[in-house]
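Okay, structure first, notes after.
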Amino acid sequence: SGRVEGKIALVTGGASGIGRGCAERLAQEGASVVVTDIQDHLGEEVVRSLGGAAVYLRHDVTDEDAWISVIGEVKSRFGRLDVLVNNAGIGLGCPVTDMTLADWRKQTAVNLDGVFLGVKHALPLMRAGGGGSIVNISSVAGLSGAPNLAGYCATKGGVRLFTKAVALECAALKDGVRCNSVHPGVIETPIWTTVVGGQPGVNEPPDLDAMTAMFVPMGVKGFPKDIAEGVLWLASDDSRYVTGSELVIDGGITAR
Ligand code: NAD
C-alpha cells in the first residue's frame, strides 16, 4: 500500500507547479487529495488527471471566510484532515525602494496570512482526528537574503519561524500534529514569469538557465517532483519524529 494510504490531504495552490506536483505524488501514494487554488480551470484539470480520489475547491488563501468554508467542506466530505500543504505563494521582485505598499501587502497576504489562516483553521480538524502533518512551503529565500526580493524574503523567513512556533505549540499539547517547512531552490514552474529581478540589477523575469548556472552548485534546476518527494516524506508517518524542522531541497544553493 502507499506511503500515505487513506490519508486526507489538502494542497493549496495545487493547480500549478510545486503544488500540482505535491498533489500528484500524494495521490499516487494513496491519499485523497483536496486541491485548492484560484485558477479554477487548471485546478479542475489537475483533479481530472488524478482520477477518483481528488477534489478541487476554489479557495483564495488570503480570505478567512474561504478557509472556514474549505475546512468545513473537507470535514463534511471526509470527516478528517491528516495533511495540510500550505503551498500557495507569489513572488514579486523589485528594488525595495520601488516596491509599493500595495504590492508588499499583496505578497504578505498570500505568503504569510495564507499560511497563518491555514494553520489556524486546519488545526482543530486535525486535532479532532488525533493528529496530522502540516507542511509549509518556504524557500531558500527564507534562509538567506536575495537582492530585489526583500518582500519575498520577509514572507518566506516569516513562514520558517512561524512553522517552528506552531510545531512547539503542538508538541507541548501532545496533539499529534507535526509542522515543518520546506525550502525549495530554483524549481521550474510558472512562478518565475512573475518574479522580477531574481538576478542582481536585472528588472525583468530571470532566465532560469542563467540563474541555475549562477546559483546552483549542482548545475541543474529542480522540478516540482523533487519538492514533492520531500513533502511526501513529511506528510507520511515515516517522518513521525520530525517537527519544527526545515527541509532544504536546493541542489546545494544554501550549502555555500
Ligand atoms: P506557481 O505559480 O506555479 O504556483 C502557485 C499557485 O498558487 C498558483 O496555481 C496560483 O494560482 C496559486 N495562488 C496564488 N495566489 C493564491 C491565492 N491567493 N489563493 C490560492 N492560491 C493562490 O508557483 P510554484 O513555483 O509552484 O510555487 C509554489 C510555492 O513554492 C510558493 O509558495 C513559492 O513561493 C514556493 N517556491 C517556489 C520556488 C520555485 O523555484 N518555483 C522556489 C522556492 C519556493
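Naming scheme: A, B, ... for chains in displayed order of the C-alpha cells; residues 1 onward per chain; ligands 1 onward as shown.
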Give me, as a Markdown table, each residue of chain A that comes within 8 Å of ligand 1, together with its shortest interatomic pair and the distance in Å at one decimal, counting only C-alpha atoms and all ligand atoms, with rows ordered by chain and rising residue number.
```
| residue | atom | partner | partner_atom_place_in_ligand_line | distance |
| --- | --- | --- | --- | --- |
| A:Thr12 | CA | ligand 1 | 21 (N) | 6.0 |
| A:Gly13 | CA | ligand 1 | 7 (O) | 3.5 |
| A:Gly14 | CA | ligand 1 | 9 (O) | 5.9 |
| A:Ala15 | CA | ligand 1 | 9 (O) | 4.5 |
| A:Ser16 | CA | ligand 1 | 9 (O) | 4.2 |
| A:Gly17 | CA | ligand 1 | 26 (O) | 3.4 |
| A:Ile18 | CA | ligand 1 | 26 (O) | 3.7 |
| A:Gly19 | CA | ligand 1 | 26 (O) | 5.6 |
| A:Arg20 | CA | ligand 1 | 26 (O) | 7.4 |
| A:Thr36 | CA | ligand 1 | 20 (C) | 6.7 |
| A:Asp37 | CA | ligand 1 | 21 (N) | 4.0 |
| A:Ile38 | CA | ligand 1 | 20 (C) | 5.0 |
| A:Gln39 | CA | ligand 1 | 11 (O) | 5.0 |
| A:Leu42 | CA | ligand 1 | 9 (O) | 7.8 |
| A:Gly43 | CA | ligand 1 | 9 (O) | 7.8 |
| A:Arg58 | CA | ligand 1 | 20 (C) | 7.9 |
| A:His59 | CA | ligand 1 | 20 (C) | 5.6 |
| A:Asp60 | CA | ligand 1 | 19 (N) | 3.5 |
| A:Val61 | CA | ligand 1 | 19 (N) | 4.0 |
| A:Thr62 | CA | ligand 1 | 18 (N) | 5.3 |
| A:Asp63 | CA | ligand 1 | 18 (N) | 7.8 |
| A:Asn86 | CA | ligand 1 | 32 (O) | 7.6 |
| A:Asn87 | CA | ligand 1 | 32 (O) | 4.7 |
| A:Ala88 | CA | ligand 1 | 7 (O) | 3.8 |
| A:Gly89 | CA | ligand 1 | 32 (O) | 3.5 |
| A:Ile90 | CA | ligand 1 | 34 (O) | 5.5 |
| A:Gly91 | CA | ligand 1 | 34 (O) | 6.1 |
| A:Ala109 | CA | ligand 1 | 18 (N) | 7.6 |
| A:Val110 | CA | ligand 1 | 18 (N) | 5.0 |
| A:Asn111 | CA | ligand 1 | 32 (O) | 6.4 |
| A:Gly114 | CA | ligand 1 | 18 (N) | 7.4 |
| A:Ile137 | CA | ligand 1 | 32 (O) | 5.3 |
| A:Ser138 | CA | ligand 1 | 44 (C) | 5.6 |
| A:Ser139 | CA | ligand 1 | 43 (C) | 3.9 |
| A:Val140 | CA | ligand 1 | 43 (C) | 6.1 |
| A:Ala141 | CA | ligand 1 | 43 (C) | 7.1 |
| A:Tyr152 | CA | ligand 1 | 34 (O) | 7.9 |
| A:Lys156 | CA | ligand 1 | 34 (O) | 7.5 |
| A:His183 | CA | ligand 1 | 43 (C) | 6.1 |
| A:Pro184 | CA | ligand 1 | 43 (C) | 4.2 |
| A:Gly185 | CA | ligand 1 | 42 (C) | 4.8 |
| A:Val186 | CA | ligand 1 | 40 (O) | 3.9 |
| A:Ile187 | CA | ligand 1 | 40 (O) | 3.6 |
| A:Glu188 | CA | ligand 1 | 41 (N) | 5.6 |
| A:Thr189 | CA | ligand 1 | 25 (O) | 4.7 |
| A:Pro190 | CA | ligand 1 | 3 (O) | 4.4 |
| A:Ile191 | CA | ligand 1 | 2 (O) | 3.8 |
| A:Trp192 | CA | ligand 1 | 41 (N) | 6.6 |
| A:Gly222 | CA | ligand 1 | 40 (O) | 7.7 |
| A:Pro224 | CA | ligand 1 | 26 (O) | 7.1 |
```
As a ChimeraX atom specification, please: every residue in stretch 123-246 of chain A that a backbone DSSP assignment puts in strand (DSSP E). /A:132-137,177-184,246
How about saving the chosen residues, N, CA and C atoms kept, as a PDB file, in the first residue's frame?
```
ATOM      1  N   GLY A 132      -1.766  14.974  12.748  1.00  0.00           N
ATOM      2  CA  GLY A 132      -1.597  15.256  11.329  1.00  0.00           C
ATOM      3  C   GLY A 132      -0.245  15.879  11.058  1.00  0.00           C
ATOM      4  N   SER A 133      -0.046  16.251   9.791  1.00  0.00           N
ATOM      5  CA  SER A 133       1.222  16.854   9.379  1.00  0.00           C
ATOM      6  C   SER A 133       0.951  18.109   8.559  1.00  0.00           C
ATOM      7  N   ILE A 134       1.536  19.216   9.005  1.00  0.00           N
ATOM      8  CA  ILE A 134       1.437  20.476   8.263  1.00  0.00           C
ATOM      9  C   ILE A 134       2.787  20.744   7.611  1.00  0.00           C
ATOM     10  N   VAL A 135       2.758  20.995   6.318  1.00  0.00           N
ATOM     11  CA  VAL A 135       3.990  21.293   5.582  1.00  0.00           C
ATOM     12  C   VAL A 135       3.841  22.678   4.954  1.00  0.00           C
ATOM     13  N   ASN A 136       4.673  23.598   5.386  1.00  0.00           N
ATOM     14  CA  ASN A 136       4.628  24.955   4.853  1.00  0.00           C
ATOM     15  C   ASN A 136       5.754  25.160   3.845  1.00  0.00           C
ATOM     16  N   ILE A 137       5.374  25.592   2.642  1.00  0.00           N
ATOM     17  CA  ILE A 137       6.398  25.796   1.613  1.00  0.00           C
ATOM     18  C   ILE A 137       7.001  27.192   1.780  1.00  0.00           C
ATOM     19  N   VAL A 177       0.132  16.588  16.085  1.00  0.00           N
ATOM     20  CA  VAL A 177       0.339  17.366  14.859  1.00  0.00           C
ATOM     21  C   VAL A 177       1.805  17.773  14.760  1.00  0.00           C
ATOM     22  N   ARG A 178       2.396  17.505  13.607  1.00  0.00           N
ATOM     23  CA  ARG A 178       3.756  17.964  13.314  1.00  0.00           C
ATOM     24  C   ARG A 178       3.689  19.099  12.307  1.00  0.00           C
ATOM     25  N   CYS A 179       4.672  19.993  12.366  1.00  0.00           N
ATOM     26  CA  CYS A 179       4.665  21.149  11.463  1.00  0.00           C
ATOM     27  C   CYS A 179       6.092  21.435  11.029  1.00  0.00           C
ATOM     28  N   ASN A 180       6.329  21.398   9.728  1.00  0.00           N
ATOM     29  CA  ASN A 180       7.678  21.571   9.176  1.00  0.00           C
ATOM     30  C   ASN A 180       7.650  22.493   7.956  1.00  0.00           C
ATOM     31  N   SER A 181       8.794  23.067   7.643  1.00  0.00           N
ATOM     32  CA  SER A 181       8.884  23.889   6.435  1.00  0.00           C
ATOM     33  C   SER A 181       9.793  23.232   5.397  1.00  0.00           C
ATOM     34  N   VAL A 182       9.492  23.511   4.141  1.00  0.00           N
ATOM     35  CA  VAL A 182      10.292  23.010   3.018  1.00  0.00           C
ATOM     36  C   VAL A 182      10.841  24.229   2.270  1.00  0.00           C
ATOM     37  N   HIS A 183      12.114  24.132   1.888  1.00  0.00           N
ATOM     38  CA  HIS A 183      12.803  25.275   1.288  1.00  0.00           C
ATOM     39  C   HIS A 183      13.345  24.934  -0.101  1.00  0.00           C
ATOM     40  N   PRO A 184      12.507  25.132  -1.128  1.00  0.00           N
ATOM     41  CA  PRO A 184      12.964  24.846  -2.500  1.00  0.00           C
ATOM     42  C   PRO A 184      13.976  25.890  -2.980  1.00  0.00           C
ATOM     43  N   GLU A 246      13.401  22.171   9.056  1.00  0.00           N
ATOM     44  CA  GLU A 246      13.389  22.844   7.754  1.00  0.00           C
ATOM     45  C   GLU A 246      14.106  21.946   6.753  1.00  0.00           C
TER      46      GLU A 246
END
```
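Shortest separation to A:Val195 among A:Gly118, A:Gly21, A:Pro217, A:Gly93 occurs at residue A:Gly93, atoms counted being only C-alpha atoms.
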DSSP-assigned alpha helix (DSSP H) members of stretch 91-246 of chain A, reported as a ChimeraX atom specification: /A:101-108,114-128,150-173,208-215,224-235
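With atom CA of A:Ala31 on one side and atom CA of A:Asp65 on the other, the separation reads 25.8 Å.
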What's the 10 Å shell around stretch 210-216 of chain A, counting only C-alpha atoms, without same-chain residues fewer than 3 positions away, as an mmCIF file with C-alpha atoms, in the first residue's frame?
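The resulting file, result-v8.cif, is reproduced below:
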```
data_model
loop_
_atom_site.group_PDB
_atom_site.id
_atom_site.type_symbol
_atom_site.label_atom_id
_atom_site.label_comp_id
_atom_site.auth_asym_id
_atom_site.auth_seq_id
_atom_site.Cartn_x
_atom_site.Cartn_y
_atom_site.Cartn_z
ATOM 1 C CA GLY A 185 15.743 26.379 -4.573
ATOM 2 C CA VAL A 186 15.420 27.012 -8.315
ATOM 3 C CA ILE A 187 12.462 24.904 -9.442
ATOM 4 C CA GLY A 198 16.000 37.497 -9.232
ATOM 5 C CA GLN A 199 19.315 38.332 -10.877
ATOM 6 C CA PRO A 206 15.020 35.913 -14.695
ATOM 7 C CA ASP A 207 16.275 33.371 -17.193
ATOM 8 C CA GLY A 219 24.380 22.976 -12.032
ATOM 9 C CA VAL A 220 20.846 21.798 -12.775
ATOM 10 C CA LYS A 221 17.427 23.219 -11.971
ATOM 11 C CA GLY A 222 14.896 21.283 -9.932
ATOM 12 C CA ASP A 250 18.008 23.239 -3.473
ATOM 13 C CA GLY A 251 20.825 21.497 -5.354
ATOM 14 C CA GLY A 252 23.288 22.966 -2.877
ATOM 15 C CA ILE A 253 22.426 26.695 -3.113
ATOM 16 C CA THR A 254 22.465 27.228 0.645
ATOM 17 C CA ALA A 255 25.487 24.993 1.257
ATOM 18 C CA ARG A 256 27.871 27.760 0.151
#
```
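From atom CA of A:Val4 back to atom CA of A:Ala27, the distance works out to 8.3 Å.
Restricting the calculation to only C-alpha atoms, the smallest distance between A:Leu161 and any of A:Val46, A:Met99, A:Ile227, A:Val115 is found for A:Val115.
The spacing separating atom CA of A:Phe116 from atom CA of A:Gly72 amounts to 17.2 Å.
Of the listed residues A:Arg3, A:Val85, A:Glu45, A:Ala122, the one whose atoms come nearest to A:Val33 is A:Val85, with distances taken using only C-alpha atoms.
Here the question is which of A:Ala228, A:Ala54, A:Leu92, A:Ile68 gets nearest to A:Thr193 using only C-alpha atoms, and that residue is A:Leu92.
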From the set A:Val83, A:Val166, A:Pro95, A:Lys75, which residue has the shortest atom-to-atom contact distance to A:Leu26, counting only C-alpha atoms? A:Val83
Shell of 10 Å around stretch 76-78 of chain A, only C-alpha atoms, local chain residues under 4 positions omitted, as a count of residues only: 6
Using only C-alpha atoms, pick whichever of A:Arg80, A:Arg48, A:His121, A:Arg160 has the shortest atom-to-atom distance to A:Glu64. A:His121
